[in-house]
Amino acid sequence: MKKVIVGLFLIIVAIAAIVYSIRDPYVDKDSLEDLKTKFSTIKKSKVDHSKFPELQKEFKDPREVTKACISCHNHRHKEVMASNHWNWERPTYVKEKGILYIGKKNTINNFCIGSHGNELSCAKCHIGLGVDANKNIVFTDSTNIDCMVCHDNTGTYAKGNEMGGAPAPTVNLKAVAQNPGKPTRDNCGVCHFFGGGGNNVKHGDLEKALFHTTKTVDVHMGDDGMNMSCIDCHKTENHQISGKLYTMSSTNNHRVTCEQCHGETPHSESIINEHTLKVSCQACHIPVYAKVNATKMEWDWSTAGKLKDGKPYVEEDEMGNHAYMSIKGSFKWAKNVKPNYIWFNGTASFVTSCQPIKDTTKSVVLNKLYGSYNDPFAKIYPVKIHKAKQPYDPETGLLITPKLYAEKPGEGGYWKDFDWYMAAKKGMEESCLPFSGKVAFIRTESYWLVNHMVSEKEKAVSCTECHTSENSRLAGLNDFYMPGRDRNNLVEFIGIASILMSLLGVTVHGSLRFYFNRKNKR
Amino acid sequence: MAKQKVLIYKKYERFWHWMQAILAIFLMITGFEIHGYYSFLGYLNAVTYHNYAAIALIVLIILTIFWHFVTGEWKQYIPTTENIVAYIKFYTNGIFKGEPHPTHKTQLSKLNPLQRLTYLGLKIVLFPLLVTTGILYMVYRYPQGSKIEFINIGGLEIIAVLHTLGAFLMVAFLIAHLYLTTTGDTILSNIKAMITGYEELEVHEDKKENQTEQNLQQS
């Protein structure tokens, strides 16, 4: 007996040893610690700008500050002016359309729709100091560069409202000029957290709560964690900032990825590492977005223009967000939103302003993100889908870029006159596009990749949130078989039937044996 | 004819049988959790342990194939039509009347013709199906994800569906198998034999056969 037990034990040990050696040995334990060390070193500027004679004066015009910057940094303005950040466009290859210049200048979104005719308002987020009637000069004049909006480290710089990009009159330009530095989250966030005309309107994962946040909201940016800045990931060389937004980009390059720091297979479990071939990091590590403040999910322009006593008004929903605005229409907001999931290979296409809509019965996807299960470059990514009803011309089939902003009533700006015909006419004129005189509304969707608000690893999406037949997060992706979610009805039927037959046979046979056994004994 | 304790299941055979039983049942429990029927160990654990148990079972199967050929035990599974009708009659009729089994178990022929057919089916159809689809399931890499071309299978579906089918049939088999262990001389005599190795059998006064048995016992 002893021999048997010892033998059994030895065999089990041998099997265990084989199993252990077959197991994927790759465990990348140290890299996270290494990364933490790397990003906890804060580099301080080696020079004190407040001592430079060029900056010892009371600046009256922000352009003087720019000139002072360029007098020492005498090549940097060329870098800035070569960036898409400055130009509001870049040449890019779009599938089936060829090489296009794509950017804020000419794309159509389903929030405030487009920039044409609205430059004075939109330019608040241009990194230039002024956009005015003479639009072309502002993109070619180096003194128009706003160095301060990105490099102010005092936290006091702010652009004025509807001033075409000039700083608010209250800003102390001398103090700002003497305290420049690398861009912080404040510098980037002041524009990027408010895209679409309010906090968190567009992205859902980029909002003012990230100025000061916790690891629970964003594991990278939390003050209680690594407190990383935007440019820690969005690496920048010669003012060319990496990373792109797929509502305006179409090619798979210059992207910021999680893998650039964490590698392709950072998990200790090989079964999870295997997922990274087809599942993006974001898909599991961003279980919800809009964690602190709500984000806009739907925008219906068709209800805009209602007035109370001849005046525009605003209604709020229970969360305190705008539910209706006479100038913009009605909205739906949501907080702690579970993303939608799509296949994405890094390429996208757009509905451009001069492209007629052919099928007006379906919701028009403004930025089509490409990818499928069989695409070797595609992975599953989380997205926010923003739905809207926006104006289009039923005759030409073109989406209308209306003139929204105007200084005074009577100029055709919808926000002053509430007249779709005039707003469309003016806006299309500014865009150099035809307008038939008719305005109708069409349903559209835009896709926003969710990349920020990465949760702590303990809160990552669990296996059974996807591997389940009920309410799987991936219920919408049906071009592949996923264990736990998918079943073959025929095999389920045959399988369960054979188990039941087996049970039935056994029960009947057993009962008969029992019955006859007792009968025979008697 | 006299009753005598005879070694039917040798040491390795018993070890193999019970290891296989444990692993198979464990694979069923974890497998159907992965299939999404219930949650028990947790999905990640279920998948991880299912893979480990599968590798252990494959090792066991390789050892056992080796053992079968070395000992010549594989001959026990050669299918035969001899007595097959008698056994069908026995299980559908005679067993209720308390009639004895149509043939006697001996060490050289411990499986009745129905068992031979069933176990041969397991060995050449069901196990290979489960093992091949299981291995493909494990080494499978998503399309174009691996540099090894031949495992770039277009999708998991066919592998997974066949593996699931095999799993259902295993459960159905297990139910019938457990029940049929009770059809020995007494309800527990078959199970006892599989644990101790010995079973009380009626031994023919055939010297030749006895001689062989003793030789085998000694070996």
# chains A, B, ... in the order shown; residues from 1 in each chain; ligands from 1
>>> residues_around(residues="B:Gly94", least_positions_apart="4", cutoff="12 Å", atoms="only C-alpha atoms", output="list of chain:residue names")
A:Leu512, A:Arg513, A:Phe516, A:Asn517, B:Ala86, B:Tyr87, B:Ile88, B:Lys89, B:Phe90, B:Gly98, B:Glu99, B:Pro100, B:His101, B:Pro102, B:Thr183
>>> write_last_selection(atoms="C-alpha atoms", output="tab-separated table (two decimals), in the first residue's frame")
chain	number	residue	atom	x	y	z
A	512	LEU	CA	-37.41	-1.96	-13.14
A	513	ARG	CA	-34.49	-3.80	-11.58
A	516	PHE	CA	-38.39	-7.12	-10.17
A	517	ASN	CA	-35.76	-7.74	-7.56
B	86	ALA	CA	-26.93	-12.50	-25.43
B	87	TYR	CA	-25.76	-9.36	-23.63
B	88	ILE	CA	-28.43	-7.17	-25.20
B	89	LYS	CA	-30.99	-9.76	-24.08
B	90	PHE	CA	-29.42	-9.87	-20.63
B	98	GLY	CA	-31.90	-12.23	-11.64
B	99	GLU	CA	-30.25	-14.30	-14.34
B	100	PRO	CA	-26.43	-14.46	-14.31
B	101	HIS	CA	-24.27	-12.54	-16.79
B	102	PRO	CA	-24.01	-14.46	-20.10
B	183	THR	CA	-25.10	-4.24	-12.27
>>> closest_atom_pairs(of="chain A", to="chain B", cutoff="7 Å", atoms="only C-alpha atoms", output="Markdown table")
| residue | atom | partner | partner_atom | distance |
| --- | --- | --- | --- | --- |
| A:Ile15 | CA | B:Ala56 | CA | 5.9 |
| A:Val19 | CA | B:Tyr52 | CA | 6.4 |
| A:Leu277 | CA | B:Gly145 | CA | 6.5 |
| A:Asn374 | CA | B:Pro143 | CA | 6.2 |
| A:Pro376 | CA | B:Gln144 | CA | 5.6 |
| A:Cys463 | CA | B:Tyr43 | CA | 6.2 |
| A:Thr464 | CA | B:Tyr43 | CA | 6.6 |
| A:Thr468 | CA | B:Gly36 | CA | 5.9 |
| A:Phe480 | CA | B:Gly155 | CA | 6.5 |
| A:Tyr481 | CA | B:Glu157 | CA | 5.1 |
| A:Pro483 | CA | B:His35 | CA | 6.0 |
| A:Gly484 | CA | B:Gly36 | CA | 4.3 |
| A:Arg485 | CA | B:Gly36 | CA | 6.9 |
| A:Asn488 | CA | B:Val161 | CA | 6.5 |
| A:Val491 | CA | B:Leu165 | CA | 5.8 |
| A:Gly495 | CA | B:Phe168 | CA | 4.7 |
| A:Ile496 | CA | B:Phe168 | CA | 6.9 |
| A:Ser498 | CA | B:Ala172 | CA | 6.0 |
| A:Ile499 | CA | B:Ala172 | CA | 4.4 |
| A:Ser502 | CA | B:Ala172 | CA | 5.6 |
| A:Leu503 | CA | B:Ile175 | CA | 6.6 |
| A:Val506 | CA | B:Ala176 | CA | 6.4 |
| A:Leu512 | CA | B:Phe96 | CA | 6.9 |
| A:Arg513 | CA | B:Phe96 | CA | 5.1 |
| A:Phe516 | CA | B:Phe96 | CA | 5.6 |
| A:Asn517 | CA | B:Phe96 | CA | 6.7 |
>>> write_last_selection(atoms="N, CA and C atoms", output="mmCIF file, in the first residue's frame")
data_model
loop_
_atom_site.group_PDB
_atom_site.id
_atom_site.type_symbol
_atom_site.label_atom_id
_atom_site.label_comp_id
_atom_site.auth_asym_id
_atom_site.auth_seq_id
_atom_site.Cartn_x
_atom_site.Cartn_y
_atom_site.Cartn_z
ATOM 1 N N ILE A 15 3.614 14.859 -13.253
ATOM 2 C CA ILE A 15 2.638 15.539 -14.117
ATOM 3 C C ILE A 15 2.623 17.037 -13.813
ATOM 4 N N VAL A 19 3.301 20.075 -16.362
ATOM 5 C CA VAL A 19 2.316 21.140 -16.553
ATOM 6 C C VAL A 19 2.954 22.494 -16.281
ATOM 7 N N LEU A 277 -4.067 40.237 -28.257
ATOM 8 C CA LEU A 277 -3.976 40.158 -29.710
ATOM 9 C C LEU A 277 -5.230 40.741 -30.376
ATOM 10 N N ASN A 374 -11.712 39.436 -38.574
ATOM 11 C CA ASN A 374 -10.728 38.823 -39.460
ATOM 12 C C ASN A 374 -9.605 39.773 -39.869
ATOM 13 N N PRO A 376 -6.287 41.475 -39.289
ATOM 14 C CA PRO A 376 -5.183 41.193 -38.374
ATOM 15 C C PRO A 376 -4.754 42.405 -37.539
ATOM 16 N N CYS A 463 -14.064 38.767 -16.500
ATOM 17 C CA CYS A 463 -14.265 37.812 -17.606
ATOM 18 C C CYS A 463 -15.732 37.688 -17.996
ATOM 19 N N THR A 464 -16.575 37.511 -16.960
ATOM 20 C CA THR A 464 -17.964 37.139 -17.249
ATOM 21 C C THR A 464 -18.829 38.334 -17.644
ATOM 22 N N THR A 468 -20.521 35.855 -21.351
ATOM 23 C CA THR A 468 -21.812 35.469 -20.796
ATOM 24 C C THR A 468 -22.855 35.604 -21.895
ATOM 25 N N PHE A 480 -17.658 36.640 -34.579
ATOM 26 C CA PHE A 480 -16.734 35.612 -34.100
ATOM 27 C C PHE A 480 -17.392 34.827 -32.967
ATOM 28 N N TYR A 481 -16.823 33.646 -32.667
ATOM 29 C CA TYR A 481 -17.345 32.801 -31.583
ATOM 30 C C TYR A 481 -16.617 33.140 -30.293
ATOM 31 N N PRO A 483 -16.303 31.906 -26.263
ATOM 32 C CA PRO A 483 -16.721 30.948 -25.240
ATOM 33 C C PRO A 483 -17.509 31.650 -24.133
ATOM 34 N N GLY A 484 -18.542 30.981 -23.652
ATOM 35 C CA GLY A 484 -19.332 31.534 -22.567
ATOM 36 C C GLY A 484 -20.455 32.419 -23.059
ATOM 37 N N ARG A 485 -20.270 33.035 -24.241
ATOM 38 C CA ARG A 485 -21.326 33.879 -24.795
ATOM 39 C C ARG A 485 -22.127 33.118 -25.846
ATOM 40 N N ASN A 488 -24.037 26.835 -29.937
ATOM 41 C CA ASN A 488 -24.610 26.315 -31.169
ATOM 42 C C ASN A 488 -25.892 25.581 -30.792
ATOM 43 N N VAL A 491 -26.055 21.708 -31.277
ATOM 44 C CA VAL A 491 -25.211 20.957 -30.349
ATOM 45 C C VAL A 491 -25.780 21.015 -28.927
ATOM 46 N N GLY A 495 -26.784 17.658 -27.181
ATOM 47 C CA GLY A 495 -26.073 17.417 -25.924
ATOM 48 C C GLY A 495 -27.019 17.224 -24.765
ATOM 49 N N ILE A 496 -27.942 18.166 -24.612
ATOM 50 C CA ILE A 496 -28.845 18.083 -23.468
ATOM 51 C C ILE A 496 -29.769 16.882 -23.638
ATOM 52 N N SER A 498 -29.084 14.067 -25.132
ATOM 53 C CA SER A 498 -28.399 12.809 -24.833
ATOM 54 C C SER A 498 -28.195 12.631 -23.329
ATOM 55 N N ILE A 499 -27.975 13.733 -22.617
ATOM 56 C CA ILE A 499 -27.847 13.619 -21.159
ATOM 57 C C ILE A 499 -29.186 13.192 -20.556
ATOM 58 N N SER A 502 -29.911 9.573 -21.289
ATOM 59 C CA SER A 502 -29.076 8.740 -20.441
ATOM 60 C C SER A 502 -29.684 8.638 -19.041
ATOM 61 N N LEU A 503 -30.096 9.805 -18.521
ATOM 62 C CA LEU A 503 -30.698 9.822 -17.189
ATOM 63 C C LEU A 503 -31.998 9.027 -17.165
ATOM 64 N N VAL A 506 -31.351 5.256 -17.411
ATOM 65 C CA VAL A 506 -30.818 4.759 -16.152
ATOM 66 C C VAL A 506 -31.918 4.657 -15.102
ATOM 67 N N LEU A 512 -36.947 -0.619 -12.784
ATOM 68 C CA LEU A 512 -37.414 -1.957 -13.144
ATOM 69 C C LEU A 512 -36.641 -3.022 -12.383
ATOM 70 N N ARG A 513 -35.313 -2.830 -12.301
ATOM 71 C CA ARG A 513 -34.491 -3.804 -11.578
ATOM 72 C C ARG A 513 -34.926 -3.900 -10.121
ATOM 73 N N PHE A 516 -38.428 -5.668 -9.947
ATOM 74 C CA PHE A 516 -38.393 -7.120 -10.174
ATOM 75 C C PHE A 516 -37.590 -7.834 -9.104
ATOM 76 N N ASN A 517 -36.574 -7.172 -8.619
ATOM 77 C CA ASN A 517 -35.756 -7.743 -7.563
ATOM 78 C C ASN A 517 -36.608 -8.048 -6.333
#
>>> atom_distance(atom1="atom CA of A:His262", atom2="atom CA of A:Thr276")
11.8 Å
>>> residues_around(residues="A:Gly427", least_positions_apart="4", cutoff="9 Å", atoms="only C-alpha atoms", output="PyMOL selection string")
chain A and resi 116-118+400-404+412-413+422-423+431-433
>>> write_last_selection(atoms="C-alpha atoms", output="PDB file, in the first residue's frame")
ATOM      1  CA  HIS A 116     -17.116  77.866 -40.826  1.00  0.00           C
ATOM      2  CA  GLY A 117     -18.787  81.144 -40.037  1.00  0.00           C
ATOM      3  CA  ASN A 118     -18.175  80.648 -36.324  1.00  0.00           C
ATOM      4  CA  ILE A 400     -25.393  71.907 -43.469  1.00  0.00           C
ATOM      5  CA  THR A 401     -22.759  73.847 -41.553  1.00  0.00           C
ATOM      6  CA  PRO A 402     -24.925  76.612 -40.157  1.00  0.00           C
ATOM      7  CA  LYS A 403     -23.653  79.990 -39.050  1.00  0.00           C
ATOM      8  CA  LEU A 404     -24.388  79.812 -35.351  1.00  0.00           C
ATOM      9  CA  GLY A 412     -27.717  85.446 -39.860  1.00  0.00           C
ATOM     10  CA  GLY A 413     -26.239  83.720 -36.796  1.00  0.00           C
ATOM     11  CA  MET A 422     -30.541  82.370 -42.848  1.00  0.00           C
ATOM     12  CA  ALA A 423     -28.093  80.410 -40.688  1.00  0.00           C
ATOM     13  CA  SER A 431     -18.014  77.096 -46.594  1.00  0.00           C
ATOM     14  CA  CYS A 432     -18.272  77.815 -50.350  1.00  0.00           C
ATOM     15  CA  LEU A 433     -20.942  75.116 -50.731  1.00  0.00           C
TER      16      LEU A 433
END
>>> residues_around(residues="A:Thr396", least_positions_apart="6", cutoff="8 Å", atoms="only C-alpha atoms", output="PyMOL selection string")
chain A and resi 356+434-436
>>> write_last_selection(atoms="N, CA and C atoms", output="PDB file, in the first residue's frame")
ATOM      1  N   PRO A 356     -22.520  64.356 -50.659  1.00  0.00           N
ATOM      2  CA  PRO A 356     -23.965  64.198 -50.447  1.00  0.00           C
ATOM      3  C   PRO A 356     -24.291  62.886 -49.731  1.00  0.00           C
ATOM      4  N   PRO A 434     -22.972  74.775 -52.050  1.00  0.00           N
ATOM      5  CA  PRO A 434     -24.310  75.145 -52.510  1.00  0.00           C
ATOM      6  C   PRO A 434     -25.375  74.930 -51.436  1.00  0.00           C
ATOM      7  N   PHE A 435     -26.446  75.717 -51.521  1.00  0.00           N
ATOM      8  CA  PHE A 435     -27.564  75.572 -50.578  1.00  0.00           C
ATOM      9  C   PHE A 435     -28.857  75.792 -51.350  1.00  0.00           C
ATOM     10  N   SER A 436     -29.800  74.832 -51.265  1.00  0.00           N
ATOM     11  CA  SER A 436     -31.011  74.892 -52.079  1.00  0.00           C
ATOM     12  C   SER A 436     -32.061  75.813 -51.482  1.00  0.00           C
TER      13      SER A 436
END
>>> atom_distance(atom1="atom CA of A:Thr214", atom2="atom CA of A:Thr41")
19.6 Å
>>> select_by_dssp(residues="stretch 45-153 of chain A", states="strand (DSSP E or B)", output="list in words")
Arg90, Pro91, Thr92, Tyr93, Val94, Gly98, Ile99, Leu100, Tyr101, Ile102, Thr107, Gly128, Ile145 and Asp152 of chain A
>>> residues_around(residues="A:Cys261", least_positions_apart="3", cutoff="10 Å", atoms="only C-alpha atoms", output="JSON, numbers by chain")
{"A": [31, 32, 35, 233, 256, 257, 258, 264, 266]}
>>> select_by_dssp(residues="stretch 259-371 of chain A", states="alpha helix (DSSP H)", output="VMD selection string")
chain A and resid 259 to 262 270 to 275 281 to 285
>>> residues_around(residues="A:Gly320", least_positions_apart="5", cutoff="12 Å", atoms="only C-alpha atoms", output="ChimeraX atom specification")
/A:293-295,314-315,332-335
